[in-house]
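Here is the file query.txt (compact mmCIF, C-alpha atoms).
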# COMPACT_ATOMS: atom_id res chain seq x y z
CA MET Y 29 0.00 0.00 0.00
CA ARG Y 30 1.18 3.42 -0.78
CA GLN Y 31 2.39 5.26 2.25
CA SER Y 32 0.50 8.38 3.07
CA ARG Y 33 2.27 11.47 4.12
CA PRO Y 34 1.11 13.55 7.05
CA ALA Y 35 -0.64 16.80 6.45
CA ASN Y 36 2.43 18.56 7.63
CA PRO Y 37 3.98 20.26 4.66
CA GLY Y 38 7.22 19.87 6.50
CA ARG Y 39 8.32 20.01 10.06
CA HIS Y 40 8.80 23.67 9.71
CA PRO Y 41 5.19 24.73 9.43
CA VAL Y 42 4.66 23.83 13.03
CA VAL Y 43 7.18 26.43 13.99
CA PRO Y 44 5.31 29.68 14.22
CA PRO Y 45 7.86 31.99 12.62
CA ARG Y 46 8.03 29.76 9.60
CA ALA Y 47 4.40 28.84 9.30
CA GLY Y 48 3.68 31.47 6.71
CA VAL Y 49 6.58 30.42 4.56
CA ALA Y 50 5.63 26.78 4.62
CA LEU Y 51 2.01 27.56 3.94
CA ALA Y 52 3.05 29.62 0.97
CA ALA Y 53 5.11 26.71 -0.27
CA ALA Y 54 2.13 24.44 0.13
CA LEU Y 55 -0.09 26.76 -1.82
CA ILE Y 56 2.47 26.96 -4.57
CA LEU Y 57 2.56 23.21 -4.74
CA LEU Y 58 -1.17 23.00 -4.98
CA ALA Y 59 -1.26 25.64 -7.66
CA CYS Y 60 1.38 23.95 -9.78
CA GLY Y 61 0.25 20.44 -9.07
CA CYS Y 62 3.65 19.61 -7.64
CA GLY Y 63 2.33 18.19 -4.43
CA ARG Y 64 0.14 15.23 -3.84
CA SER Y 65 -3.44 15.57 -4.72
CA PRO Y 66 -5.55 16.37 -1.69
CA SER Y 67 -7.84 13.59 -2.71
CA SER Y 68 -5.01 11.10 -2.69
CA SER Y 69 -5.10 10.98 1.06
CA ALA Y 70 -7.45 12.34 3.60
CA ALA Y 71 -4.46 12.74 5.82
CA ALA Y 72 -2.79 14.90 3.26
CA GLY Y 73 -5.22 17.62 4.26
CA PRO Y 74 -5.69 20.89 2.51
CA THR Y 75 -1.99 21.63 2.34
CA ALA Y 76 -1.10 18.31 0.80
CA ALA Y 77 2.46 19.29 0.27
CA GLY Y 78 4.37 16.42 1.75
CA GLY Y 79 7.82 17.18 3.04
CA LYS Y 80 9.60 20.42 3.36
CA VAL Y 81 9.90 22.33 0.11
CA THR Y 82 11.90 25.43 -0.44
CA PRO Y 83 9.68 28.45 -0.98
CA GLY Y 84 9.42 29.26 -4.64
CA GLY Y 85 9.42 25.60 -5.56
CA THR Y 86 12.13 25.82 -8.19
CA THR Y 87 15.49 25.62 -6.45
CA VAL Y 88 16.43 23.72 -3.34
CA THR Y 89 19.67 24.99 -1.87
CA ILE Y 90 21.72 22.94 0.54
CA MET Y 91 24.02 24.92 2.77
CA ALA Y 92 26.82 24.13 5.21
CA ARG Y 93 26.79 25.69 8.62
CA SER Y 94 28.58 25.24 11.92
CA LEU Y 95 26.10 24.26 14.60
CA PRO Y 96 26.79 24.14 18.32
CA GLY Y 97 27.86 20.74 19.50
CA VAL Y 98 28.14 19.09 16.11
CA GLY Y 99 30.38 21.26 13.95
CA THR Y 100 29.85 22.00 10.27
CA VAL Y 101 26.90 20.12 8.85
CA LEU Y 102 24.37 20.40 6.09
CA VAL Y 103 21.39 22.67 6.63
CA ASP Y 104 18.54 23.80 4.47
CA SER Y 105 18.30 27.26 3.02
CA GLN Y 106 16.83 28.56 6.25
CA GLY Y 107 19.45 27.08 8.49
CA TYR Y 108 17.60 24.04 9.78
CA ALA Y 109 19.77 20.97 10.29
CA LEU Y 110 19.42 18.13 7.82
CA TYR Y 111 19.55 14.53 8.99
CA VAL Y 112 20.13 11.10 7.57
CA PHE Y 113 18.44 7.92 8.73
CA ALA Y 114 20.79 5.00 9.21
CA PRO Y 115 18.40 2.36 7.79
CA ASP Y 116 18.26 4.33 4.54
CA ASP Y 117 21.89 3.26 4.03
CA HIS Y 118 22.70 5.53 1.10
CA ARG Y 119 19.99 3.92 -0.93
CA ALA Y 120 16.33 4.56 -0.35
CA ILE Y 121 13.79 6.22 1.87
CA THR Y 122 12.71 3.91 4.63
CA CYS Y 123 11.09 6.48 6.91
CA THR Y 124 7.39 6.12 6.23
CA GLY Y 125 4.09 6.49 8.06
CA THR Y 126 4.25 8.43 11.31
CA CYS Y 127 8.02 8.67 10.94
CA LEU Y 128 7.33 11.34 8.34
CA GLY Y 129 5.55 13.46 10.91
CA THR Y 130 8.64 13.64 13.07
CA TRP Y 131 11.18 13.63 10.24
CA PRO Y 132 9.76 15.43 7.20
CA PRO Y 133 11.97 14.75 4.19
CA LEU Y 134 13.39 17.59 2.19
CA MET Y 135 11.37 17.47 -1.00
CA LEU Y 136 12.46 18.42 -4.49
CA PRO Y 137 9.52 19.94 -6.29
CA ALA Y 138 8.66 18.65 -9.73
CA GLY Y 139 10.75 20.57 -12.19
CA GLY Y 140 12.86 21.94 -9.39
CA ARG Y 141 16.62 21.93 -9.30
CA LEU Y 142 19.27 21.55 -6.65
CA ALA Y 143 21.90 24.06 -5.69
CA ALA Y 144 24.97 23.69 -3.51
CA GLY Y 145 25.83 26.52 -1.17
CA PRO Y 146 29.39 27.37 -0.18
CA GLY Y 147 31.23 24.33 1.12
CA VAL Y 148 28.66 21.90 -0.22
CA LYS Y 149 29.67 19.50 -3.00
CA SER Y 150 27.22 19.79 -5.84
CA MET Y 151 28.33 16.43 -7.22
CA LEU Y 152 26.95 14.76 -4.10
CA LEU Y 153 23.51 16.26 -4.52
CA GLY Y 154 20.74 14.16 -5.98
CA SER Y 155 17.21 12.98 -5.42
CA ASP Y 156 15.38 9.74 -4.82
CA PRO Y 157 11.77 8.83 -5.41
CA ASP Y 158 9.65 9.06 -2.28
CA PRO Y 159 7.36 6.08 -1.70
CA ALA Y 160 4.68 8.61 -0.77
CA GLY Y 161 5.14 10.53 -4.01
CA GLY Y 162 7.53 13.12 -5.34
CA ARG Y 163 11.26 13.17 -4.89
CA VAL Y 164 13.44 13.64 -1.84
CA VAL Y 165 16.75 15.47 -1.90
CA THR Y 166 19.76 13.24 -1.30
CA TYR Y 167 23.41 13.85 -0.47
CA ASP Y 168 25.88 11.18 -1.41
CA GLY Y 169 22.89 8.91 -1.73
CA TRP Y 170 21.48 9.71 1.71
CA PRO Y 171 17.90 11.00 1.71
CA LEU Y 172 17.78 14.20 3.77
CA TYR Y 173 15.25 14.93 6.48
CA THR Y 174 14.45 17.69 8.90
CA TYR Y 175 13.39 17.18 12.53
CA ALA Y 176 10.24 18.36 14.24
CA GLY Y 177 12.17 18.97 17.44
CA ASP Y 178 14.31 21.66 15.86
CA VAL Y 179 12.11 24.67 16.41
CA GLN Y 180 14.71 27.23 15.43
CA PRO Y 181 17.45 27.36 12.82
CA GLY Y 182 20.82 26.31 14.11
CA GLN Y 183 19.59 23.50 16.34
CA ALA Y 184 20.50 19.85 15.97
CA SER Y 185 18.38 18.31 18.69
CA GLY Y 186 17.79 15.20 16.62
CA GLN Y 187 21.46 14.29 16.43
CA ASP Y 188 22.21 10.72 17.53
CA ILE Y 189 18.59 10.01 18.38
CA ASP Y 190 17.33 6.46 18.07
CA LEU Y 191 13.77 6.74 16.87
CA ASN Y 192 11.44 5.11 14.36
CA ASP Y 193 13.57 1.99 14.17
CA GLY Y 194 16.90 3.59 13.51
CA GLU Y 195 19.52 6.15 14.34
CA TRP Y 196 19.44 9.72 13.07
CA TYR Y 197 22.52 11.79 12.39
CA VAL Y 198 23.44 15.12 10.95
CA ILE Y 199 25.73 14.87 7.95
CA ASN Y 200 28.82 16.87 7.08
CA PRO Y 201 29.65 18.39 3.68
CA SER Y 202 31.86 15.41 2.86
CA GLY Y 203 28.79 13.20 3.00
CA GLN Y 204 29.66 11.54 6.29
CA PRO Y 205 26.97 11.08 8.92
CA LEU Y 206 28.31 12.26 12.26
CA ILE Y 207 28.22 9.07 14.24
CA PRO Y 208 29.53 9.60 17.77
CA ALA Y 209 32.31 7.35 18.93
CA SER Y 210 30.87 4.76 21.27
CA MET B 201 -6.17 6.51 -2.89
CA THR B 202 -8.75 7.82 -0.54
CA ILE B 203 -8.52 6.97 3.12
CA GLY B 204 -11.52 4.91 4.02
CA GLN B 205 -12.58 1.53 5.20
CA ARG B 206 -10.65 -1.11 3.33
CA PRO B 207 -12.86 -3.67 1.74
CA GLY B 208 -12.85 -6.91 3.57
CA ARG B 209 -10.95 -5.67 6.59
CA PRO B 210 -12.70 -3.94 9.44
CA GLY B 211 -10.63 -1.16 10.92
CA ARG B 212 -9.05 -1.68 14.29
CA ARG B 213 -11.35 0.85 15.81
CA ALA B 214 -14.29 -0.84 14.26
CA VAL B 215 -13.27 -4.03 15.95
CA LEU B 216 -12.90 -2.28 19.25
CA LEU B 217 -16.22 -0.57 18.99
CA SER B 218 -18.08 -3.64 17.94
CA ALA B 219 -16.53 -5.42 20.87
CA GLY B 220 -18.28 -3.24 23.36
CA GLY B 221 -17.98 0.40 22.52
CA LEU B 222 -21.48 0.90 21.24
CA ALA B 223 -22.05 3.95 23.36
CA ALA B 224 -18.83 5.46 22.14
CA GLY B 225 -19.76 4.65 18.59
CA ALA B 226 -23.11 6.30 18.98
CA ALA B 227 -21.51 9.33 20.53
CA ALA B 228 -19.06 9.56 17.68
CA ALA B 229 -21.85 9.29 15.19
CA SER B 230 -23.87 12.01 16.84
CA ALA B 231 -20.86 14.25 16.67
CA GLY B 232 -20.48 13.64 12.98
CA TRP B 233 -17.49 11.37 13.12
CA ALA B 234 -19.02 8.40 11.46
CA LEU B 235 -17.05 6.86 8.66
CA THR B 236 -18.55 4.58 6.13
CA THR B 237 -17.05 2.90 3.15
CA SER B 238 -16.10 6.14 1.51
CA PRO B 239 -15.88 9.75 2.55
CA ALA B 240 -18.60 10.61 0.07
CA ALA B 241 -20.97 8.30 1.82
CA ALA B 242 -20.41 9.79 5.24
CA PRO B 243 -23.51 11.30 6.82
CA ASP B 244 -23.87 15.02 6.87
CA PRO B 245 -22.17 16.15 10.06
CA ALA B 246 -24.57 19.05 10.31
CA SER B 247 -27.59 16.84 10.34
CA SER B 248 -28.79 15.94 13.78
CA THR B 249 -30.99 13.29 12.27
CA SER B 250 -28.15 11.31 10.73
CA PRO B 251 -28.59 7.76 11.83
CA ALA B 252 -25.89 6.16 13.88
CA PRO B 253 -23.72 3.95 11.72
CA PRO B 254 -23.47 0.26 12.35
CA ALA B 255 -21.08 -0.24 15.20
CA ASP B 256 -18.70 -2.20 13.04
CA LEU B 257 -18.25 0.77 10.74
CA ALA B 258 -17.72 3.43 13.37
CA VAL B 259 -14.29 4.93 13.77
CA ILE B 260 -12.67 6.47 16.80
CA PRO B 261 -12.11 10.16 16.16
CA PRO B 262 -8.43 11.07 15.91
CA ASP B 263 -8.43 13.27 18.99
CA ASP B 264 -10.13 10.58 21.04
CA ASP B 265 -7.59 8.11 19.77
CA LEU B 266 -4.72 10.38 20.76
CA MET B 267 -6.20 10.78 24.23
CA ARG B 268 -6.52 7.03 24.56
CA GLU B 269 -2.85 6.75 23.74
CA HIS B 270 -2.26 9.32 26.44
CA GLY B 271 -3.78 6.80 28.79
CA VAL B 272 -0.92 4.44 27.99
CA LEU B 273 1.54 7.26 28.56
CA LYS B 274 -0.07 8.09 31.90
CA ARG B 275 0.23 4.53 33.08
CA VAL B 276 3.92 4.46 32.24
CA LEU B 277 4.34 7.75 34.08
CA LEU B 278 2.84 6.02 37.11
CA CYS B 279 5.30 3.16 36.67
CA TYR B 280 8.13 5.67 36.55
CA ARG B 281 6.80 7.27 39.72
CA GLU B 282 6.75 3.94 41.49
CA MET B 283 10.25 3.07 40.33
CA THR B 284 11.51 6.48 41.39
CA ALA B 285 10.03 5.97 44.85
CA ARG B 286 11.73 2.60 45.11
CA ILE B 287 15.08 4.06 44.21
CA GLN B 288 14.65 6.90 46.65
CA ALA B 289 13.71 4.42 49.37
CA GLY B 290 16.82 2.40 48.64
CA GLY B 291 14.83 -0.56 47.38
CA PRO B 292 15.56 -2.88 44.51
CA LEU B 293 14.68 -2.09 40.93
CA ASP B 294 14.38 -4.67 38.19
CA ALA B 295 16.16 -3.49 35.07
CA ARG B 296 13.66 -5.34 32.93
CA ASP B 297 10.77 -3.29 34.29
CA LEU B 298 12.63 -0.06 33.63
CA HIS B 299 13.59 -1.18 30.16
CA ASP B 300 10.10 -2.37 29.28
CA ALA B 301 8.52 0.86 30.49
CA ALA B 302 10.97 3.03 28.58
CA LEU B 303 10.53 0.88 25.51
CA VAL B 304 6.77 1.41 25.50
CA ILE B 305 7.45 5.13 25.59
CA HIS B 306 10.09 4.86 22.88
CA ASP B 307 8.14 2.70 20.47
CA TYR B 308 4.54 3.64 21.03
CA ILE B 309 4.52 7.17 22.39
CA GLU B 310 7.61 8.73 20.82
CA GLY B 311 7.80 6.58 17.72
CA PHE B 312 4.11 6.64 16.87
CA HIS B 313 1.82 8.84 18.94
CA GLU B 314 4.04 11.90 18.76
CA GLY B 315 4.54 11.36 15.04
CA LEU B 316 0.78 11.68 14.64
CA GLU B 317 0.76 14.89 16.63
CA GLU B 318 3.72 16.33 14.76
CA GLY B 319 2.49 15.30 11.35
CA TYR B 320 -1.23 15.88 11.58
CA VAL B 321 -2.29 17.88 14.63
CA PHE B 322 0.25 20.61 15.26
CA PRO B 323 0.56 21.77 11.63
CA ARG B 324 -3.17 22.30 11.40
CA LEU B 325 -3.17 24.47 14.47
CA VAL B 326 -0.25 26.54 13.27
CA LYS B 327 -1.84 26.92 9.88
CA ALA B 328 -4.95 28.19 11.62
CA GLY B 329 -2.85 30.55 13.70
CA GLN B 330 -3.87 28.88 16.93
CA LEU B 331 -1.74 27.86 19.92
CA THR B 332 1.47 28.48 18.02
CA SER B 333 3.53 29.16 21.12
CA THR B 334 2.08 26.12 22.85
CA VAL B 335 2.88 23.96 19.85
CA THR B 336 6.48 25.10 19.87
CA THR B 337 6.78 24.17 23.54
CA LEU B 338 5.21 20.79 22.93
CA LEU B 339 7.67 20.08 20.13
CA VAL B 340 10.61 20.97 22.31
CA GLN B 341 9.24 18.73 25.03
CA HIS B 342 8.91 15.84 22.61
CA ALA B 343 12.56 16.28 21.71
CA ARG B 344 13.67 16.47 25.35
CA GLY B 345 11.60 13.45 26.24
CA ARG B 346 13.30 11.40 23.54
CA VAL B 347 16.67 12.26 25.00
CA ILE B 348 15.55 11.16 28.46
CA THR B 349 14.09 7.94 27.12
CA GLN B 350 17.29 7.15 25.27
CA PHE B 351 19.18 7.69 28.52
CA LEU B 352 16.83 5.42 30.46
CA LEU B 353 17.06 2.66 27.88
CA GLY B 354 20.83 2.87 28.01
CA GLN B 355 20.90 2.63 31.80
CA ALA B 356 18.30 -0.10 32.16
CA THR B 357 20.85 -2.80 32.89
CA ALA B 358 21.53 -4.94 35.91
CA ARG B 359 24.62 -2.86 36.53
CA GLY B 360 22.84 0.44 36.03
CA VAL B 361 20.03 -0.20 38.47
CA THR B 362 22.43 -1.30 41.20
CA SER B 363 25.06 1.40 40.82
CA PRO B 364 24.30 4.09 43.43
CA GLY B 365 25.31 6.96 41.19
CA THR B 366 23.40 5.67 38.22
CA ARG B 367 20.31 5.01 40.33
CA VAL B 368 20.24 8.64 41.34
CA ARG B 369 20.47 9.72 37.71
CA ILE B 370 17.79 7.26 36.65
CA ALA B 371 15.45 8.52 39.34
CA ALA B 372 16.10 12.12 38.38
CA ALA B 373 15.46 11.33 34.72
CA MET B 374 12.17 9.61 35.46
CA GLN B 375 11.11 12.47 37.71
CA ALA B 376 11.92 15.02 35.02
CA PHE B 377 10.03 12.97 32.46
CA ASP B 378 6.97 12.70 34.69
CA ARG B 379 7.09 16.37 35.61
CA MET B 380 7.17 17.37 31.97
CA TYR B 381 4.65 14.94 30.54
CA GLU B 382 1.92 15.27 33.15
CA PRO B 383 1.15 18.88 32.24
CA HIS B 384 2.08 18.18 28.62
CA GLU B 385 -0.57 15.57 28.05
CA ALA B 386 -3.12 17.37 30.18
CA ARG B 387 -2.70 20.52 28.10
CA GLU B 388 -3.05 18.54 24.91
CA ASP B 389 -6.18 16.78 26.10
CA THR B 390 -7.92 19.91 27.33
CA VAL B 391 -6.69 22.61 24.97
CA VAL B 392 -4.77 21.35 21.96
CA PHE B 393 -7.01 18.51 20.83
CA PRO B 394 -10.24 20.46 21.29
CA ALA B 395 -8.74 23.26 19.22
CA PHE B 396 -7.68 20.75 16.60
CA ARG B 397 -11.20 19.42 16.45
CA GLN B 398 -12.49 22.91 15.85
CA VAL B 399 -10.19 23.69 12.94
CA VAL B 400 -10.63 20.40 11.08
CA PRO B 401 -13.91 19.75 9.27
CA ALA B 402 -15.92 16.84 10.64
CA ARG B 403 -15.62 14.75 7.53
CA GLU B 404 -11.88 15.16 7.46
CA LEU B 405 -11.73 14.18 11.10
CA ALA B 406 -13.46 10.96 10.23
CA ASP B 407 -11.00 10.27 7.44
CA LEU B 408 -8.12 10.99 9.77
CA GLY B 409 -9.52 8.60 12.32
CA GLN B 410 -9.36 5.80 9.81
CA HIS B 411 -5.97 6.93 8.58
CA PHE B 412 -4.59 6.86 12.12
CA ALA B 413 -5.97 3.36 12.46
CA ASP B 414 -4.29 2.30 9.24
CA LEU B 415 -0.97 3.76 10.30
CA GLU B 416 -1.16 2.03 13.65
CA HIS B 417 -2.02 -1.21 11.96
CA GLN B 418 0.92 -0.89 9.58
CA GLN B 419 3.32 -0.15 12.40
CA PHE B 420 2.17 -2.52 15.09
CA GLY B 421 -0.19 -5.02 13.55
CA THR B 422 -3.63 -5.96 14.72
CA ASP B 423 -4.92 -5.36 18.23
CA GLU B 424 -1.89 -3.24 18.92
CA PHE B 425 -3.60 -0.97 21.42
CA ALA B 426 -4.77 -3.89 23.52
CA ALA B 427 -1.32 -5.40 23.27
CA MET B 428 0.28 -2.16 24.43
CA VAL B 429 -2.11 -1.92 27.37
CA ALA B 430 -1.29 -5.50 28.27
CA ARG B 431 2.43 -4.73 28.20
CA VAL B 432 1.96 -1.83 30.58
CA ALA B 433 -0.31 -3.89 32.81
CA GLY B 434 2.43 -6.48 33.07
CA ILE B 435 4.90 -3.86 34.25
CA GLU B 436 2.36 -2.59 36.76
CA GLN B 437 1.89 -6.10 38.07
CA ASN B 438 5.62 -6.54 38.49
CA LEU B 439 5.73 -3.27 40.39
CA GLY B 440 2.71 -4.14 42.50
CA ILE B 441 0.64 -1.19 41.34
CA TYR B 442 -1.81 -2.96 39.06
CA ASP B 443 -4.60 -3.49 41.57
CA LEU B 444 -6.70 -0.35 41.42
CA ALA B 445 -8.35 -1.03 44.75
CA GLN B 446 -5.14 -0.43 46.64
CA PHE B 447 -5.34 3.26 45.75
CA THR B 448 -8.81 3.76 47.17
CA PRO B 449 -8.42 5.88 50.28
CA GLN B 450 -10.11 5.39 53.60
CA VAL B 451 -12.38 8.34 54.15
CA SER B 452 -13.57 7.93 57.70
CA GLN B 453 -11.46 10.87 58.79
CA TYR B 454 -13.23 13.08 56.24
CA THR B 455 -16.77 12.22 57.18
CA PRO B 456 -18.53 14.48 59.67
CA PRO B 457 -19.09 13.02 63.15
CA THR B 458 -22.55 11.74 63.74
Output the file's structure in the form of structure tokens.
Amino acid sequence: MRQSRPANPGRHPVVPPRAGVALAAALILLACGCGRSPSSSAAAGPTAAGGKVTPGGTTVTIMARSLPGVGTVLVDSQGYALYVFAPDDHRAITCTGTCLGTWPPLMLPAGGRLAAGPGVKSMLLGSDPDPAGGRVVTYDGWPLYTYAGDVQPGQASGQDIDLNDGEWYVINPSGQPLIPAS
Amino acid sequence: MTIGQRPGRPGRRAVLLSAGGLAAGAAAASAGWALTTSPAAAPDPASSTSPAPPADLAVIPPDDDLMREHGVLKRVLLCYREMTARIQAGGPLDARDLHDAALVIHDYIEGFHEGLEEGYVFPRLVKAGQLTSTVTTLLVQHARGRVITQFLLGQATARGVTSPGTRVRIAAAMQAFDRMYEPHEAREDTVVFPAFRQVVPARELADLGQHFADLEHQQFGTDEFAAMVARVAGIEQNLGIYDLAQFTPQVSQYTPPT
């Protein structure tokens, strides 16, 4: 069965300062047909936008930024940490169902393109099909996610968290998940 | 595909309701939460004359379902409280009980229930411009709770529960978890979920109820709620706090003299 994505158009819309931005992104998706059809899932709700999409819907920029406690890691264009899910193992999206509510994937809109910010290797950027529809941005094969618990840019509160049947890590510009030494 | 009753498979909630929740099913129907085989066939929520659906087709509303899951959380909080008291009294603590309790939180509450809130409930409130500050706090608390749970799972070993220093840290972690989640879930039950119900149309609520059931089924299989309750009951029995009657107070000192 096709996995349904939560109504959340990304973790970010739940964060008040960003709600307007995410809502705008959702509306853009609906207008251009980039997102999932609202009728495809009741849970998709009126926003029906799936994961986090960069406002404007055409270019998704991945940045590198030094965050407290973890060092220089990949962030989205607004400074929110990006995570990888160990079970994905460079290959495919395995976070489905309610996992998507906590870890909204970074979506690449249909017709959109990827851009590497300073310090980010453009050759490592890519995208994978999302089982729930659309495409998810990848880095060195790792699907990228955001975390609901990061309520402000510059946080990495999901680092080294074991949740939804696997470990979650931030990832550095070389494409290495930051796995703490045990 | 639309989210509705799958042909040939009654939803989990349908099973539960047909097993004895007729009153709840009727209440849900009167509130416009009935779900039939397709959203288009759902009764008009505005119509007070809509007949109650057959019990086996009724669906637990999503907010009611979330509150029921809070009941599981509350029972684990009570287990944590009991274990904390034992540590503080210098008594023994079985690492398996601690591990099992933390694992219920990890798998069911943090890995499922909170995903529903984060994916379906909070975004709708923020979109509606309601409770935005509260939602931010709840999200932060989810994140902090996951850190505490990870700590407890890591310390739930025979060595951990016997090491004096570790016992103190375990007790402090459980206390912090309880202190945070008691008001957390109470605020959600009394403020957040009612607000959610107000911003989501009745028909969509019904669809979400079935969708929540489907997600739960995918993640945990059939009868997962009953299984989770049974797991917690087992921990309570091990801790000696299962018997409800033991908590009934004597009240002779409160009754007026005759």
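All chain B residues having an atom within 7 Å of chain Y, based on all atoms listed in the file, amount to Met201, Thr202, Ile203, Gly311, Phe312, Gly315, Leu316, Glu318, Gly319, Tyr320, Phe322, Pro323, Val326, Lys327, Thr332, Thr336, Leu339, Val340, His342, Ala343, Glu404, Asp407, Leu408, His411 and Leu415 of chain B.
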* Asked: Contacts of Asp263 in chain B at 8 Å or less, counting all atoms listed in the file, minus same-chain residues fewer than 4 places along, as an MDAnalysis selection string?
  -> chainID B and resid 267 393:394 396:397
Taking the point (12.7, 25.1, -8.9) as given in the file, collect each protein or nucleic acid residue that comes within 6 Å of it, counting all atoms listed in the file, and present the set as a compact mmCIF listing (two decimals) with C-alpha atoms, in the frame of the given file.
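Result file is result28.txt:
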# COMPACT_ATOMS: atom_id res chain seq x y z
CA GLY Y 85 9.42 25.60 -5.56
CA THR Y 86 12.13 25.82 -8.19
CA THR Y 87 15.49 25.62 -6.45
CA GLY Y 139 10.75 20.57 -12.19
CA GLY Y 140 12.86 21.94 -9.39
CA ARG Y 141 16.62 21.93 -9.30
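If you look at CA of Ile305 in chain B and CA of Ile260 in chain B, they are 22.0 Å away from each other.
Across the structure, CA of Met428 in chain B and CA of Glu269 in chain B are spaced 9.5 Å apart.
Proximity of B:Val429, B:Ile287, B:Val391, B:Leu444 to Val361 in chain B, computed with all atoms listed in the file, is greatest for B:Ile287.
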* To do: Provide the CA of Val259 in chain B to CA of Glu385 in chain B distance in Å, to one decimal place.
  => 22.5 Å
* Contacts of Val101 in chain Y at 8 Å (all atoms listed in the file; same-chain gap of 3+ positions) as a count of residues only -> 11
* Might you pull out every residue within 7 Å of Leu152 in chain Y, with only C-alpha atoms counted and same-chain residues fewer than 3 positions away left off, and present them as a PyMOL selection string? => chain Y and resi 149+167-168
* Which residues, protein or nucleic acid, reach to within 9 Å of (20.0, 1.5, 35.6) in the file's coordinates when using all atoms listed in the file, and can you give that as a ChimeraX atom specification? -> /B:293-295,298-299,352-363,366-367,369-370
* Near Ile90 in chain Y, counting all atoms listed in the file, which residues have an atom at most 7 Å away, once you skip same-chain residues fewer than 6 positions from it, shown as a ChimeraX atom specification? -> /Y:102-105,143-145
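Using only C-alpha atoms, the shortest contact distance between Glu195 in chain Y and any of B:Gly271, B:Gly345, B:Arg296, B:Gln350 is found at B:Gln350.
The nearest approach to Pro181 in chain Y among the residues Y:Pro137, Y:Gly97, Y:Pro157, Y:Gly107, with only C-alpha atoms taken into account, belongs to Y:Gly107.
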From the coordinates I just gave you, please extract range 87-98 of chain Y so that only N, CA and C atoms remain, then output it as a short mmCIF file (atom, residue, chain, number, x, y, z; two decimals), in the first residue's frame.
data_model
loop_
_atom_site.label_atom_id
_atom_site.label_comp_id
_atom_site.auth_asym_id
_atom_site.auth_seq_id
_atom_site.Cartn_x
_atom_site.Cartn_y
_atom_site.Cartn_z
N THR Y 87 14.12 25.94 -6.81
CA THR Y 87 15.49 25.62 -6.45
C THR Y 87 15.57 25.26 -4.97
N VAL Y 88 16.18 24.14 -4.71
CA VAL Y 88 16.43 23.72 -3.34
C VAL Y 88 17.92 23.87 -3.08
N THR Y 89 18.26 24.72 -2.16
CA THR Y 89 19.67 24.99 -1.87
C THR Y 89 20.09 24.32 -0.57
N ILE Y 90 21.16 23.59 -0.64
CA ILE Y 90 21.72 22.94 0.54
C ILE Y 90 22.94 23.76 0.98
N MET Y 91 22.95 24.08 2.24
CA MET Y 91 24.02 24.92 2.77
C MET Y 91 24.86 24.11 3.77
N ALA Y 92 26.00 24.67 4.12
CA ALA Y 92 26.82 24.13 5.21
C ALA Y 92 26.91 25.18 6.29
N ARG Y 93 26.78 24.73 7.52
CA ARG Y 93 26.79 25.69 8.62
C ARG Y 93 27.34 25.01 9.88
N SER Y 94 28.08 25.77 10.65
CA SER Y 94 28.58 25.24 11.92
C SER Y 94 27.50 25.38 12.98
N LEU Y 95 27.13 24.26 13.56
CA LEU Y 95 26.10 24.26 14.60
C LEU Y 95 26.72 23.86 15.93
N PRO Y 96 26.24 24.45 17.00
CA PRO Y 96 26.79 24.14 18.32
C PRO Y 96 26.72 22.65 18.63
N GLY Y 97 27.83 22.12 19.05
CA GLY Y 97 27.86 20.74 19.50
C GLY Y 97 28.11 19.70 18.42
N VAL Y 98 27.96 20.09 17.17
CA VAL Y 98 28.14 19.09 16.11
C VAL Y 98 29.15 19.52 15.04
#
